[in-house]
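This report refers to the structure that appears directly beneath it.
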Amino acid sequence: MPQRTVAIASQLGLHARPAALFVQAVNDSGLPVMVSREGHKPVDARSVLSVMSMGAKHGETVTLTCEESEDADKVLDGLVEMLSKELDT
């Protein structure tokens with residue numbers, strides 16, 4: 001199962017705007033991506049409420065996982081790139 005870790009770059013963490021942008025990218029990929037942070041169970045990254053409920057703050061590391069598929073590595077790399085940028089601008 002492909003997996004990536006990334007530190008949240010957005011200054012306010014994965015609150016409404018960054019979470020919505022992230023979830024949109026996950027849904028556009030068409031793949032079932034899960035996201036988790038240390039000490040919490042993975043949540044479906046296709047749900048903005050689930051992603052926001054994690055409470056991931058700036059600088060915290062999250063782990064993205066996806067079932068094996070032809071595009072999984074490319075999708076996860078793109079999502080990591082997205083989360084490693086400030087999404088509040």
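Here, A, B, ... name the chains of the structure tokens in the order displayed, residue numbers run from 1 inside each chain, and ligands are numbered from 1 in the same displayed order.
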
Residues of region 11-30 of chain A within 12 Å of region 4-7 of chain A: nearest atom pair and distance (Å, one decimal) for each, counting only C-alpha atoms, sorted by chain and number, as JSON lines?
```
{"residue": "A:Gln11", "atom": "CA", "partner": "A:Ala7", "partner_atom": "CA", "distance": 11.2}
{"residue": "A:Gly13", "atom": "CA", "partner": "A:Ala7", "partner_atom": "CA", "distance": 9.7}
{"residue": "A:Leu14", "atom": "CA", "partner": "A:Ala7", "partner_atom": "CA", "distance": 10.9}
```

Nearby residues (only C-alpha atoms) at most 12 Å from Pro18 (chain A), same-chain spacing under 2 positions excluded, as a ChimeraX atom specification: /A:8-16,20-25,48,51-52,56-58,79,82-89

Contact residues around region 27-38 of chain A with only C-alpha atoms at 9 Å, ignoring same-chain residues under 6 positions, as a VMD selection string: chain A and resid 44 to 47 51 54 to 56 60 to 67 69 71 to 72 75 to 76

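In this model, the gap between CA of Val26 (chain A) and CA of Gly39 (chain A) comes to 22.6 Å.
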